[in-house]
Structures are given as C-alpha cells and as structure tokens.
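One file, data-v1.txt, carrying compact mmCIF, N, CA and C atoms:
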```
# COMPACT_ATOMS: atom_id res chain seq x y z
N MET X 1 133.48 -2.30 114.89
CA MET X 1 132.35 -3.17 114.69
C MET X 1 132.15 -3.41 113.19
N ASN X 2 132.09 -4.65 112.88
CA ASN X 2 131.91 -5.02 111.49
C ASN X 2 130.73 -5.99 111.40
N ARG X 3 129.54 -5.45 111.44
CA ARG X 3 128.33 -6.27 111.50
C ARG X 3 128.01 -6.96 110.18
N GLY X 4 128.24 -6.40 109.08
CA GLY X 4 127.87 -6.94 107.78
C GLY X 4 128.66 -8.17 107.41
N HIS X 5 129.81 -8.34 108.02
CA HIS X 5 130.68 -9.45 107.67
C HIS X 5 130.09 -10.82 108.05
N GLY X 6 129.51 -10.96 109.21
CA GLY X 6 128.99 -12.24 109.70
C GLY X 6 127.73 -12.69 109.00
N SER X 7 126.89 -11.79 108.58
CA SER X 7 125.62 -12.18 107.98
C SER X 7 125.80 -12.84 106.62
N GLY X 8 126.82 -12.50 105.87
CA GLY X 8 127.08 -13.13 104.58
C GLY X 8 127.48 -14.58 104.74
N GLU X 9 128.21 -14.89 105.80
CA GLU X 9 128.62 -16.27 106.04
C GLU X 9 127.43 -17.15 106.38
N GLY X 10 126.47 -16.63 107.12
CA GLY X 10 125.27 -17.39 107.45
C GLY X 10 124.45 -17.70 106.21
N GLY X 11 124.37 -16.76 105.30
CA GLY X 11 123.64 -16.97 104.06
C GLY X 11 124.30 -18.01 103.17
N GLN X 12 125.64 -17.99 103.17
CA GLN X 12 126.38 -18.98 102.37
C GLN X 12 126.18 -20.37 102.95
N ALA X 13 126.16 -20.50 104.27
CA ALA X 13 125.94 -21.81 104.89
C ALA X 13 124.56 -22.35 104.53
N THR X 14 123.57 -21.48 104.46
CA THR X 14 122.22 -21.90 104.09
C THR X 14 122.21 -22.39 102.64
N ILE X 15 122.89 -21.67 101.76
CA ILE X 15 122.94 -22.08 100.35
C ILE X 15 123.66 -23.42 100.22
N GLU X 16 124.74 -23.62 100.97
CA GLU X 16 125.46 -24.90 100.93
C GLU X 16 124.58 -26.04 101.43
N PHE X 17 123.82 -25.77 102.48
CA PHE X 17 122.93 -26.80 103.02
C PHE X 17 121.86 -27.17 101.99
N VAL X 18 121.27 -26.18 101.36
CA VAL X 18 120.23 -26.43 100.36
C VAL X 18 120.82 -27.19 99.17
N ALA X 19 122.05 -26.88 98.81
CA ALA X 19 122.69 -27.57 97.69
C ALA X 19 122.98 -29.04 98.03
N LEU X 20 123.29 -29.33 99.28
CA LEU X 20 123.61 -30.70 99.70
C LEU X 20 122.37 -31.52 100.06
N LEU X 21 121.24 -30.86 100.23
CA LEU X 21 120.03 -31.55 100.66
C LEU X 21 119.63 -32.70 99.72
N PRO X 22 119.65 -32.55 98.41
CA PRO X 22 119.31 -33.70 97.54
C PRO X 22 120.24 -34.89 97.74
N LEU X 23 121.51 -34.62 97.97
CA LEU X 23 122.46 -35.70 98.21
C LEU X 23 122.14 -36.42 99.52
N VAL X 24 121.81 -35.68 100.55
CA VAL X 24 121.46 -36.27 101.84
C VAL X 24 120.20 -37.12 101.70
N VAL X 25 119.21 -36.63 100.97
CA VAL X 25 117.97 -37.38 100.76
C VAL X 25 118.25 -38.65 99.96
N ALA X 26 119.08 -38.55 98.93
CA ALA X 26 119.42 -39.73 98.12
C ALA X 26 120.14 -40.78 98.96
N LEU X 27 121.05 -40.35 99.81
CA LEU X 27 121.76 -41.30 100.68
C LEU X 27 120.81 -41.96 101.68
N ALA X 28 119.87 -41.19 102.20
CA ALA X 28 118.89 -41.76 103.14
C ALA X 28 118.00 -42.78 102.44
N LEU X 29 117.57 -42.48 101.21
CA LEU X 29 116.75 -43.44 100.46
C LEU X 29 117.54 -44.69 100.11
N ALA X 30 118.80 -44.53 99.78
CA ALA X 30 119.64 -45.69 99.47
C ALA X 30 119.81 -46.57 100.71
N ALA X 31 120.02 -45.96 101.85
CA ALA X 31 120.14 -46.72 103.09
C ALA X 31 118.84 -47.46 103.41
N ALA X 32 117.71 -46.80 103.21
CA ALA X 32 116.41 -47.45 103.44
C ALA X 32 116.21 -48.62 102.50
N ALA X 33 116.63 -48.48 101.24
CA ALA X 33 116.49 -49.57 100.27
C ALA X 33 117.35 -50.76 100.67
N ILE X 34 118.56 -50.50 101.11
CA ILE X 34 119.45 -51.59 101.54
C ILE X 34 118.86 -52.31 102.74
N LEU X 35 118.35 -51.57 103.70
CA LEU X 35 117.74 -52.20 104.88
C LEU X 35 116.49 -53.00 104.50
N ALA X 36 115.68 -52.46 103.59
CA ALA X 36 114.47 -53.18 103.16
C ALA X 36 114.84 -54.47 102.43
N GLY X 37 115.87 -54.43 101.61
CA GLY X 37 116.32 -55.62 100.90
C GLY X 37 116.85 -56.67 101.86
N HIS X 38 117.59 -56.24 102.87
CA HIS X 38 118.12 -57.18 103.87
C HIS X 38 116.97 -57.80 104.67
N SER X 39 116.01 -57.00 105.04
CA SER X 39 114.85 -57.51 105.77
C SER X 39 114.08 -58.53 104.94
N ALA X 40 113.90 -58.24 103.66
CA ALA X 40 113.19 -59.18 102.77
C ALA X 40 113.95 -60.50 102.68
N ALA X 41 115.28 -60.44 102.63
CA ALA X 41 116.08 -61.67 102.56
C ALA X 41 115.93 -62.50 103.83
N GLU X 42 115.93 -61.84 104.96
CA GLU X 42 115.74 -62.55 106.24
C GLU X 42 114.37 -63.21 106.30
N GLN X 43 113.35 -62.48 105.89
CA GLN X 43 111.99 -63.01 105.93
C GLN X 43 111.82 -64.18 104.96
N ALA X 44 112.40 -64.08 103.78
CA ALA X 44 112.31 -65.17 102.80
C ALA X 44 113.00 -66.42 103.33
N GLY X 45 114.17 -66.26 103.93
CA GLY X 45 114.90 -67.40 104.48
C GLY X 45 114.15 -68.09 105.60
N GLN X 46 113.58 -67.32 106.50
CA GLN X 46 112.83 -67.91 107.61
C GLN X 46 111.59 -68.64 107.11
N ALA X 47 110.91 -68.05 106.14
CA ALA X 47 109.69 -68.68 105.62
C ALA X 47 110.02 -69.97 104.86
N ALA X 48 111.10 -69.96 104.08
CA ALA X 48 111.50 -71.17 103.35
C ALA X 48 111.86 -72.28 104.33
N GLN X 49 112.57 -71.96 105.38
CA GLN X 49 112.92 -72.96 106.38
C GLN X 49 111.68 -73.50 107.08
N ALA X 50 110.74 -72.63 107.39
CA ALA X 50 109.50 -73.08 108.03
C ALA X 50 108.74 -74.03 107.10
N GLY X 51 108.72 -73.73 105.80
CA GLY X 51 108.04 -74.60 104.85
C GLY X 51 108.71 -75.97 104.75
N ALA X 52 110.04 -76.00 104.71
CA ALA X 52 110.77 -77.27 104.64
C ALA X 52 110.57 -78.08 105.92
N MET X 53 110.55 -77.42 107.05
CA MET X 53 110.32 -78.12 108.32
C MET X 53 108.92 -78.74 108.34
N ALA X 54 107.93 -77.99 107.85
CA ALA X 54 106.57 -78.53 107.80
C ALA X 54 106.52 -79.74 106.88
N MET X 55 107.24 -79.69 105.77
CA MET X 55 107.27 -80.81 104.84
C MET X 55 107.86 -82.04 105.53
N LEU X 56 108.92 -81.85 106.29
CA LEU X 56 109.54 -82.97 107.02
C LEU X 56 108.58 -83.58 108.04
N GLN X 57 107.72 -82.75 108.59
CA GLN X 57 106.79 -83.20 109.63
C GLN X 57 105.44 -83.62 109.07
N GLY X 58 105.32 -83.64 107.74
CA GLY X 58 104.08 -84.08 107.12
C GLY X 58 103.01 -83.01 107.04
N GLY X 59 103.38 -81.76 107.29
CA GLY X 59 102.41 -80.66 107.24
C GLY X 59 102.36 -80.00 105.88
N ASP X 60 101.64 -78.90 105.79
CA ASP X 60 101.49 -78.14 104.55
C ASP X 60 102.61 -77.11 104.47
N PRO X 61 103.58 -77.31 103.58
CA PRO X 61 104.73 -76.39 103.52
C PRO X 61 104.35 -74.97 103.09
N ARG X 62 103.38 -74.85 102.19
CA ARG X 62 102.97 -73.51 101.73
C ARG X 62 102.33 -72.73 102.87
N GLU X 63 101.46 -73.39 103.61
CA GLU X 63 100.80 -72.73 104.74
C GLU X 63 101.81 -72.36 105.83
N ALA X 64 102.75 -73.24 106.10
CA ALA X 64 103.75 -72.97 107.13
C ALA X 64 104.64 -71.79 106.72
N ALA X 65 105.04 -71.76 105.46
CA ALA X 65 105.88 -70.65 104.98
C ALA X 65 105.11 -69.34 105.06
N ARG X 66 103.86 -69.35 104.62
CA ARG X 66 103.05 -68.13 104.67
C ARG X 66 102.84 -67.67 106.11
N HIS X 67 102.62 -68.62 107.00
CA HIS X 67 102.38 -68.28 108.41
C HIS X 67 103.65 -67.73 109.08
N ALA X 68 104.83 -68.10 108.57
CA ALA X 68 106.09 -67.62 109.14
C ALA X 68 106.37 -66.16 108.78
N LEU X 69 105.65 -65.63 107.81
CA LEU X 69 105.85 -64.25 107.38
C LEU X 69 104.97 -63.28 108.16
N PRO X 70 105.46 -62.05 108.38
CA PRO X 70 104.58 -61.04 108.98
C PRO X 70 103.38 -60.78 108.08
N THR X 71 102.27 -60.44 108.66
CA THR X 71 101.03 -60.24 107.92
C THR X 71 101.18 -59.24 106.77
N GLY X 72 101.87 -58.14 106.99
CA GLY X 72 102.01 -57.11 105.97
C GLY X 72 102.89 -57.51 104.81
N VAL X 73 103.63 -58.58 104.93
CA VAL X 73 104.56 -59.02 103.88
C VAL X 73 103.91 -60.06 102.98
N ARG X 74 102.91 -60.73 103.46
CA ARG X 74 102.32 -61.87 102.74
C ARG X 74 101.81 -61.53 101.35
N ASN X 75 101.32 -60.31 101.16
CA ASN X 75 100.80 -59.94 99.83
C ASN X 75 101.92 -59.58 98.85
N ARG X 76 103.15 -59.53 99.32
CA ARG X 76 104.30 -59.25 98.45
C ARG X 76 105.20 -60.48 98.34
N THR X 77 104.62 -61.66 98.55
CA THR X 77 105.39 -62.90 98.60
C THR X 77 104.87 -63.93 97.63
N THR X 78 105.79 -64.70 97.05
CA THR X 78 105.40 -65.89 96.28
C THR X 78 106.10 -67.09 96.91
N ILE X 79 105.38 -68.19 96.96
CA ILE X 79 105.91 -69.43 97.54
C ILE X 79 105.78 -70.51 96.48
N ASP X 80 106.92 -71.10 96.12
CA ASP X 80 106.94 -72.17 95.12
C ASP X 80 107.43 -73.45 95.78
N ILE X 81 106.75 -74.55 95.49
CA ILE X 81 107.15 -75.85 96.03
C ILE X 81 107.41 -76.76 94.84
N GLU X 82 108.62 -77.26 94.78
CA GLU X 82 109.02 -78.16 93.70
C GLU X 82 109.72 -79.35 94.33
N GLY X 83 109.03 -80.47 94.29
CA GLY X 83 109.58 -81.65 94.95
C GLY X 83 109.68 -81.44 96.45
N ARG X 84 110.89 -81.53 96.97
CA ARG X 84 111.12 -81.35 98.41
C ARG X 84 111.74 -79.99 98.72
N ARG X 85 111.66 -79.07 97.76
CA ARG X 85 112.23 -77.74 97.93
C ARG X 85 111.15 -76.68 98.04
N VAL X 86 111.36 -75.78 98.97
CA VAL X 86 110.44 -74.66 99.17
C VAL X 86 111.22 -73.38 98.86
N THR X 87 110.72 -72.60 97.89
CA THR X 87 111.36 -71.34 97.52
C THR X 87 110.40 -70.21 97.82
N VAL X 88 110.89 -69.24 98.56
CA VAL X 88 110.07 -68.08 98.94
C VAL X 88 110.72 -66.83 98.38
N SER X 89 109.93 -66.00 97.71
CA SER X 89 110.39 -64.72 97.19
C SER X 89 109.62 -63.61 97.90
N VAL X 90 110.35 -62.63 98.42
CA VAL X 90 109.73 -61.50 99.12
C VAL X 90 110.20 -60.22 98.45
N ARG X 91 109.24 -59.42 98.02
CA ARG X 91 109.54 -58.10 97.42
C ARG X 91 109.49 -57.06 98.54
N PRO X 92 110.58 -56.32 98.73
CA PRO X 92 110.57 -55.32 99.81
C PRO X 92 109.60 -54.19 99.50
N ARG X 93 109.16 -53.52 100.53
CA ARG X 93 108.26 -52.39 100.37
C ARG X 93 109.12 -51.14 100.17
N LEU X 94 109.08 -50.62 98.96
CA LEU X 94 109.83 -49.41 98.62
C LEU X 94 108.95 -48.51 97.76
N PRO X 95 109.15 -47.22 97.82
CA PRO X 95 108.32 -46.31 97.02
C PRO X 95 108.62 -46.37 95.53
N VAL X 96 109.77 -46.89 95.15
CA VAL X 96 110.15 -46.98 93.74
C VAL X 96 110.00 -48.44 93.31
N GLU X 97 108.95 -48.75 92.54
CA GLU X 97 108.62 -50.12 92.19
C GLU X 97 109.73 -50.86 91.44
N PRO X 98 110.38 -50.25 90.44
CA PRO X 98 111.46 -50.98 89.75
C PRO X 98 112.60 -51.35 90.71
N LEU X 99 112.87 -50.50 91.67
CA LEU X 99 113.91 -50.81 92.65
C LEU X 99 113.47 -51.95 93.55
N ALA X 100 112.20 -51.97 93.94
CA ALA X 100 111.68 -53.05 94.77
C ALA X 100 111.76 -54.38 94.03
N ALA X 101 111.46 -54.37 92.74
CA ALA X 101 111.54 -55.60 91.96
C ALA X 101 112.98 -56.08 91.86
N THR X 102 113.91 -55.16 91.73
CA THR X 102 115.33 -55.52 91.65
C THR X 102 115.83 -56.11 92.96
N LEU X 103 115.33 -55.62 94.08
CA LEU X 103 115.79 -56.07 95.40
C LEU X 103 114.97 -57.24 95.95
N THR X 104 114.12 -57.83 95.13
CA THR X 104 113.34 -58.99 95.59
C THR X 104 114.28 -60.08 96.06
N ALA X 105 114.01 -60.60 97.25
CA ALA X 105 114.87 -61.62 97.85
C ALA X 105 114.26 -63.00 97.63
N ARG X 106 115.12 -63.98 97.35
CA ARG X 106 114.69 -65.36 97.14
C ARG X 106 115.49 -66.26 98.05
N ALA X 107 114.80 -67.18 98.69
CA ALA X 107 115.48 -68.17 99.53
C ALA X 107 114.86 -69.53 99.29
N THR X 108 115.69 -70.56 99.26
CA THR X 108 115.23 -71.92 99.05
C THR X 108 115.71 -72.79 100.20
N ALA X 109 114.81 -73.62 100.69
CA ALA X 109 115.16 -74.61 101.71
C ALA X 109 114.78 -75.99 101.18
N ASP X 110 115.63 -76.94 101.43
CA ASP X 110 115.43 -78.30 100.92
C ASP X 110 115.11 -79.21 102.10
N ALA X 111 114.03 -79.96 101.97
CA ALA X 111 113.64 -80.88 103.04
C ALA X 111 114.42 -82.19 102.97
N GLY X 112 115.31 -82.33 102.02
CA GLY X 112 116.12 -83.53 101.92
C GLY X 112 115.36 -84.66 101.23
N PRO X 113 116.01 -85.82 101.15
CA PRO X 113 115.36 -86.94 100.46
C PRO X 113 114.18 -87.45 101.29
N ARG X 114 113.25 -88.05 100.59
CA ARG X 114 112.09 -88.64 101.25
C ARG X 114 112.54 -89.79 102.13
N ALA X 115 111.99 -89.88 103.32
CA ALA X 115 112.36 -90.97 104.24
C ALA X 115 111.88 -92.30 103.70
N SER X 116 112.71 -93.31 103.89
CA SER X 116 112.35 -94.66 103.45
C SER X 116 111.37 -95.27 104.44
N PRO X 117 110.35 -96.00 103.94
CA PRO X 117 109.36 -96.60 104.85
C PRO X 117 109.90 -97.77 105.62
```

Render the structure in this file as structure tokens.
Amino acid sequence: MNRGHGSGEGGQATIEFVALLPLVVALALAAAAILAGHSAAEQAGQAAQAGAMAMLQGGDPREAARHALPTGVRNRTTIDIEGRRVTVSVRPRLPVEPLAATLTARATADAGPRASP
C-alpha cells in the first residue's frame, strides 16, 4: 500500500488548474467580446436598412432606425442621416469601455437616388 503517492498528484492538479484559471477567464472574456461585437454589427445593419426603407417610403428614417433596435441598445447608438444615407453606430455592451469603443459597429444603408416626379 502506497497511500502517500496519490495525494501529491491531486495537489499538483489543483495547482495546475489554478495556474490556468486566468487564461481560461481571458479566453472566455475574449469570446464574449467577439460575440458582442458581432451582435452590434448585426443590429447596426438592420437599423440602417430600416432607416433607408423608411426614407424610400417617405417616413422618418431616424425614428425607423431607432425603432428597429432593441430597447436596451438604443442608448448606445448614434444615427446619422446624410442625404439619402443612413449610418448607424452601435457600441457593444462590455465591461471594459476602451474595448467597447474599439468594437463599435457601423453600418450604412443608401436609399438610392431620389425618385423623379
């Protein structure tokens, strides 16, 4: 019987796990940031398209773009209208503000030329 031999291996596994824990947390945060950035890009694209469609139909493009966004995202969004173009910027929700600013997504939709009367 060699009881002392197995307990040392369990302690080493715990130390290895604790040593790798920061790496696992960093990878999880990086994955969350990538997903948040992708989600912001999707939301910006949909809102810009909704604004351009409203412009084509004679509606308010800013209101349509804002309405196309989820309620929780609207306070992290800017909508710019220049001529027949609607540009929407969405800042993802991340705990690290400089990273959120870096991953801000921008999408532009063009309503095309003005229709001739």

### Task
Using DSSP on the backbone coordinates, identify all residues within chain X classified as strand (DSSP E); present the result as a ChimeraX atom specification.
/X:77-82,85-90,105-110

### Query
Which is closer to X:Ala111 than all the others in X:Ala47, X:Leu56, X:Leu94, X:Val88, using all atoms listed in the file?
X:Leu56

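Remark: for X:Ala52, the closest of the candidate residues X:Ile81, X:Val86, X:Ala13, X:Leu103 is X:Val86 (distances computed over only C-alpha atoms).
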
Could you tell me, as a short mmCIF file (atom, residue, chain, number, x, y, z; two decimals) with N, CA and C atoms, keeping the file's coordinate frame, which residues of stretch 1-113 of chain X DSSP assigns to helix (DSSP H, G or I) when given the backbone?
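Result file is selection_18.cif:
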```cif
data_model
loop_
_atom_site.label_atom_id
_atom_site.label_comp_id
_atom_site.auth_asym_id
_atom_site.auth_seq_id
_atom_site.Cartn_x
_atom_site.Cartn_y
_atom_site.Cartn_z
N ARG X 3 129.54 -5.45 111.44
CA ARG X 3 128.33 -6.27 111.50
C ARG X 3 128.01 -6.96 110.18
N GLY X 4 128.24 -6.40 109.08
CA GLY X 4 127.87 -6.94 107.78
C GLY X 4 128.66 -8.17 107.41
N HIS X 5 129.81 -8.34 108.02
CA HIS X 5 130.68 -9.45 107.67
C HIS X 5 130.09 -10.82 108.05
N GLY X 6 129.51 -10.96 109.21
CA GLY X 6 128.99 -12.24 109.70
C GLY X 6 127.73 -12.69 109.00
N SER X 7 126.89 -11.79 108.58
CA SER X 7 125.62 -12.18 107.98
C SER X 7 125.80 -12.84 106.62
N GLY X 8 126.82 -12.50 105.87
CA GLY X 8 127.08 -13.13 104.58
C GLY X 8 127.48 -14.58 104.74
N GLU X 9 128.21 -14.89 105.80
CA GLU X 9 128.62 -16.27 106.04
C GLU X 9 127.43 -17.15 106.38
N GLY X 10 126.47 -16.63 107.12
CA GLY X 10 125.27 -17.39 107.45
C GLY X 10 124.45 -17.70 106.21
N GLY X 11 124.37 -16.76 105.30
CA GLY X 11 123.64 -16.97 104.06
C GLY X 11 124.30 -18.01 103.17
N GLN X 12 125.64 -17.99 103.17
CA GLN X 12 126.38 -18.98 102.37
C GLN X 12 126.18 -20.37 102.95
N ALA X 13 126.16 -20.50 104.27
CA ALA X 13 125.94 -21.81 104.89
C ALA X 13 124.56 -22.35 104.53
N THR X 14 123.57 -21.48 104.46
CA THR X 14 122.22 -21.90 104.09
C THR X 14 122.21 -22.39 102.64
N ILE X 15 122.89 -21.67 101.76
CA ILE X 15 122.94 -22.08 100.35
C ILE X 15 123.66 -23.42 100.22
N GLU X 16 124.74 -23.62 100.97
CA GLU X 16 125.46 -24.90 100.93
C GLU X 16 124.58 -26.04 101.43
N PHE X 17 123.82 -25.77 102.48
CA PHE X 17 122.93 -26.80 103.02
C PHE X 17 121.86 -27.17 101.99
N VAL X 18 121.27 -26.18 101.36
CA VAL X 18 120.23 -26.43 100.36
C VAL X 18 120.82 -27.19 99.17
N ALA X 19 122.05 -26.88 98.81
CA ALA X 19 122.69 -27.57 97.69
C ALA X 19 122.98 -29.04 98.03
N LEU X 20 123.29 -29.33 99.28
CA LEU X 20 123.61 -30.70 99.70
C LEU X 20 122.37 -31.52 100.06
N LEU X 21 121.24 -30.86 100.23
CA LEU X 21 120.03 -31.55 100.66
C LEU X 21 119.63 -32.70 99.72
N PRO X 22 119.65 -32.55 98.41
CA PRO X 22 119.31 -33.70 97.54
C PRO X 22 120.24 -34.89 97.74
N LEU X 23 121.51 -34.62 97.97
CA LEU X 23 122.46 -35.70 98.21
C LEU X 23 122.14 -36.42 99.52
N VAL X 24 121.81 -35.68 100.55
CA VAL X 24 121.46 -36.27 101.84
C VAL X 24 120.20 -37.12 101.70
N VAL X 25 119.21 -36.63 100.97
CA VAL X 25 117.97 -37.38 100.76
C VAL X 25 118.25 -38.65 99.96
N ALA X 26 119.08 -38.55 98.93
CA ALA X 26 119.42 -39.73 98.12
C ALA X 26 120.14 -40.78 98.96
N LEU X 27 121.05 -40.35 99.81
CA LEU X 27 121.76 -41.30 100.68
C LEU X 27 120.81 -41.96 101.68
N ALA X 28 119.87 -41.19 102.20
CA ALA X 28 118.89 -41.76 103.14
C ALA X 28 118.00 -42.78 102.44
N LEU X 29 117.57 -42.48 101.21
CA LEU X 29 116.75 -43.44 100.46
C LEU X 29 117.54 -44.69 100.11
N ALA X 30 118.80 -44.53 99.78
CA ALA X 30 119.64 -45.69 99.47
C ALA X 30 119.81 -46.57 100.71
N ALA X 31 120.02 -45.96 101.85
CA ALA X 31 120.14 -46.72 103.09
C ALA X 31 118.84 -47.46 103.41
N ALA X 32 117.71 -46.80 103.21
CA ALA X 32 116.41 -47.45 103.44
C ALA X 32 116.21 -48.62 102.50
N ALA X 33 116.63 -48.48 101.24
CA ALA X 33 116.49 -49.57 100.27
C ALA X 33 117.35 -50.76 100.67
N ILE X 34 118.56 -50.50 101.11
CA ILE X 34 119.45 -51.59 101.54
C ILE X 34 118.86 -52.31 102.74
N LEU X 35 118.35 -51.57 103.70
CA LEU X 35 117.74 -52.20 104.88
C LEU X 35 116.49 -53.00 104.50
N ALA X 36 115.68 -52.46 103.59
CA ALA X 36 114.47 -53.18 103.16
C ALA X 36 114.84 -54.47 102.43
N GLY X 37 115.87 -54.43 101.61
CA GLY X 37 116.32 -55.62 100.90
C GLY X 37 116.85 -56.67 101.86
N HIS X 38 117.59 -56.24 102.87
CA HIS X 38 118.12 -57.18 103.87
C HIS X 38 116.97 -57.80 104.67
N SER X 39 116.01 -57.00 105.04
CA SER X 39 114.85 -57.51 105.77
C SER X 39 114.08 -58.53 104.94
N ALA X 40 113.90 -58.24 103.66
CA ALA X 40 113.19 -59.18 102.77
C ALA X 40 113.95 -60.50 102.68
N ALA X 41 115.28 -60.44 102.63
CA ALA X 41 116.08 -61.67 102.56
C ALA X 41 115.93 -62.50 103.83
N GLU X 42 115.93 -61.84 104.96
CA GLU X 42 115.74 -62.55 106.24
C GLU X 42 114.37 -63.21 106.30
N GLN X 43 113.35 -62.48 105.89
CA GLN X 43 111.99 -63.01 105.93
C GLN X 43 111.82 -64.18 104.96
N ALA X 44 112.40 -64.08 103.78
CA ALA X 44 112.31 -65.17 102.80
C ALA X 44 113.00 -66.42 103.33
N GLY X 45 114.17 -66.26 103.93
CA GLY X 45 114.90 -67.40 104.48
C GLY X 45 114.15 -68.09 105.60
N GLN X 46 113.58 -67.32 106.50
CA GLN X 46 112.83 -67.91 107.61
C GLN X 46 111.59 -68.64 107.11
N ALA X 47 110.91 -68.05 106.14
CA ALA X 47 109.69 -68.68 105.62
C ALA X 47 110.02 -69.97 104.86
N ALA X 48 111.10 -69.96 104.08
CA ALA X 48 111.50 -71.17 103.35
C ALA X 48 111.86 -72.28 104.33
N GLN X 49 112.57 -71.96 105.38
CA GLN X 49 112.92 -72.96 106.38
C GLN X 49 111.68 -73.50 107.08
N ALA X 50 110.74 -72.63 107.39
CA ALA X 50 109.50 -73.08 108.03
C ALA X 50 108.74 -74.03 107.10
N GLY X 51 108.72 -73.73 105.80
CA GLY X 51 108.04 -74.60 104.85
C GLY X 51 108.71 -75.97 104.75
N ALA X 52 110.04 -76.00 104.71
CA ALA X 52 110.77 -77.27 104.64
C ALA X 52 110.57 -78.08 105.92
N MET X 53 110.55 -77.42 107.05
CA MET X 53 110.32 -78.12 108.32
C MET X 53 108.92 -78.74 108.34
N ALA X 54 107.93 -77.99 107.85
CA ALA X 54 106.57 -78.53 107.80
C ALA X 54 106.52 -79.74 106.88
N MET X 55 107.24 -79.69 105.77
CA MET X 55 107.27 -80.81 104.84
C MET X 55 107.86 -82.04 105.53
N LEU X 56 108.92 -81.85 106.29
CA LEU X 56 109.54 -82.97 107.02
C LEU X 56 108.58 -83.58 108.04
N PRO X 61 103.58 -77.31 103.58
CA PRO X 61 104.73 -76.39 103.52
C PRO X 61 104.35 -74.97 103.09
N ARG X 62 103.38 -74.85 102.19
CA ARG X 62 102.97 -73.51 101.73
C ARG X 62 102.33 -72.73 102.87
N GLU X 63 101.46 -73.39 103.61
CA GLU X 63 100.80 -72.73 104.74
C GLU X 63 101.81 -72.36 105.83
N ALA X 64 102.75 -73.24 106.10
CA ALA X 64 103.75 -72.97 107.13
C ALA X 64 104.64 -71.79 106.72
N ALA X 65 105.04 -71.76 105.46
CA ALA X 65 105.88 -70.65 104.98
C ALA X 65 105.11 -69.34 105.06
N ARG X 66 103.86 -69.35 104.62
CA ARG X 66 103.05 -68.13 104.67
C ARG X 66 102.84 -67.67 106.11
N HIS X 67 102.62 -68.62 107.00
CA HIS X 67 102.38 -68.28 108.41
C HIS X 67 103.65 -67.73 109.08
N ALA X 68 104.83 -68.10 108.57
CA ALA X 68 106.09 -67.62 109.14
C ALA X 68 106.37 -66.16 108.78
N THR X 71 102.27 -60.44 108.66
CA THR X 71 101.03 -60.24 107.92
C THR X 71 101.18 -59.24 106.77
N GLY X 72 101.87 -58.14 106.99
CA GLY X 72 102.01 -57.11 105.97
C GLY X 72 102.89 -57.51 104.81
N VAL X 73 103.63 -58.58 104.93
CA VAL X 73 104.56 -59.02 103.88
C VAL X 73 103.91 -60.06 102.98
N ARG X 74 102.91 -60.73 103.46
CA ARG X 74 102.32 -61.87 102.74
C ARG X 74 101.81 -61.53 101.35
N ASN X 75 101.32 -60.31 101.16
CA ASN X 75 100.80 -59.94 99.83
C ASN X 75 101.92 -59.58 98.85
N ARG X 76 103.15 -59.53 99.32
CA ARG X 76 104.30 -59.25 98.45
C ARG X 76 105.20 -60.48 98.34
N GLU X 97 108.95 -48.75 92.54
CA GLU X 97 108.62 -50.12 92.19
C GLU X 97 109.73 -50.86 91.44
N PRO X 98 110.38 -50.25 90.44
CA PRO X 98 111.46 -50.98 89.75
C PRO X 98 112.60 -51.35 90.71
N LEU X 99 112.87 -50.50 91.67
CA LEU X 99 113.91 -50.81 92.65
C LEU X 99 113.47 -51.95 93.55
N ALA X 100 112.20 -51.97 93.94
CA ALA X 100 111.68 -53.05 94.77
C ALA X 100 111.76 -54.38 94.03
N ALA X 101 111.46 -54.37 92.74
CA ALA X 101 111.54 -55.60 91.96
C ALA X 101 112.98 -56.08 91.86
N THR X 102 113.91 -55.16 91.73
CA THR X 102 115.33 -55.52 91.65
C THR X 102 115.83 -56.11 92.96
#
```

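Using only N, CA and C atoms, the smallest distance between any of X:Leu23, X:Met53, X:Ile15, X:Ala48 and X:Arg66 comes from X:Ala48.
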
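Atom pair atom CA of X:Ser39 / atom CA of X:Ala101 has a distance of 14.3 Å (rounded to one decimal).
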
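Atom C of X:Ala50 sits 19.5 Å away from atom CA of X:Thr104.
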
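In this comparison, which uses all atoms listed in the file, the residue of X:Ala100, X:Asn75, X:Ala26, X:Thr87 approaching X:Gly51 most closely is X:Thr87.
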
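Across the structure, atom CA of X:Gln57 and atom CA of X:Glu82 are spaced 16.9 Å apart.
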
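Proximity of X:Met55, X:Leu20, X:Ala40, X:Ala28 to X:Ala105, computed with only N, CA and C atoms, is greatest for X:Ala40.
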
### Task
Find the spatial neighbours of X:His38, counting only N, CA and C atoms, within a cut-off of 8 Å - ignore same-chain residues fewer than 5 positions away - and output them as a list in words.
Ala32, Ala33, Gln43, Ala44, Pro92, Leu103 and Ala105 of chain X

What's around stretch 67-70 of chain X at 7 Å? Count all atoms listed in the file, leave out sequence neighbours fewer than 2 positions away in its own chain, and write the answer as a short mmCIF file (atom, residue, chain, number, x, y, z; two decimals) with N, CA and C atoms, in the frame of the given file.
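Output file part-v6.cif is given in full below:
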```
data_model
loop_
_atom_site.label_atom_id
_atom_site.label_comp_id
_atom_site.auth_asym_id
_atom_site.auth_seq_id
_atom_site.Cartn_x
_atom_site.Cartn_y
_atom_site.Cartn_z
N GLN X 43 113.35 -62.48 105.89
CA GLN X 43 111.99 -63.01 105.93
C GLN X 43 111.82 -64.18 104.96
N GLN X 46 113.58 -67.32 106.50
CA GLN X 46 112.83 -67.91 107.61
C GLN X 46 111.59 -68.64 107.11
N ALA X 47 110.91 -68.05 106.14
CA ALA X 47 109.69 -68.68 105.62
C ALA X 47 110.02 -69.97 104.86
N ALA X 50 110.74 -72.63 107.39
CA ALA X 50 109.50 -73.08 108.03
C ALA X 50 108.74 -74.03 107.10
N ARG X 62 103.38 -74.85 102.19
CA ARG X 62 102.97 -73.51 101.73
C ARG X 62 102.33 -72.73 102.87
N GLU X 63 101.46 -73.39 103.61
CA GLU X 63 100.80 -72.73 104.74
C GLU X 63 101.81 -72.36 105.83
N ALA X 64 102.75 -73.24 106.10
CA ALA X 64 103.75 -72.97 107.13
C ALA X 64 104.64 -71.79 106.72
N ALA X 65 105.04 -71.76 105.46
CA ALA X 65 105.88 -70.65 104.98
C ALA X 65 105.11 -69.34 105.06
N GLY X 72 101.87 -58.14 106.99
CA GLY X 72 102.01 -57.11 105.97
C GLY X 72 102.89 -57.51 104.81
N VAL X 73 103.63 -58.58 104.93
CA VAL X 73 104.56 -59.02 103.88
C VAL X 73 103.91 -60.06 102.98
N ARG X 74 102.91 -60.73 103.46
CA ARG X 74 102.32 -61.87 102.74
C ARG X 74 101.81 -61.53 101.35
#
```

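Between X:Gly45 and the residues X:Thr71, X:Gln12, X:Thr77, X:Thr108, the shortest atom-to-atom distance, using only C-alpha atoms, involves X:Thr108.
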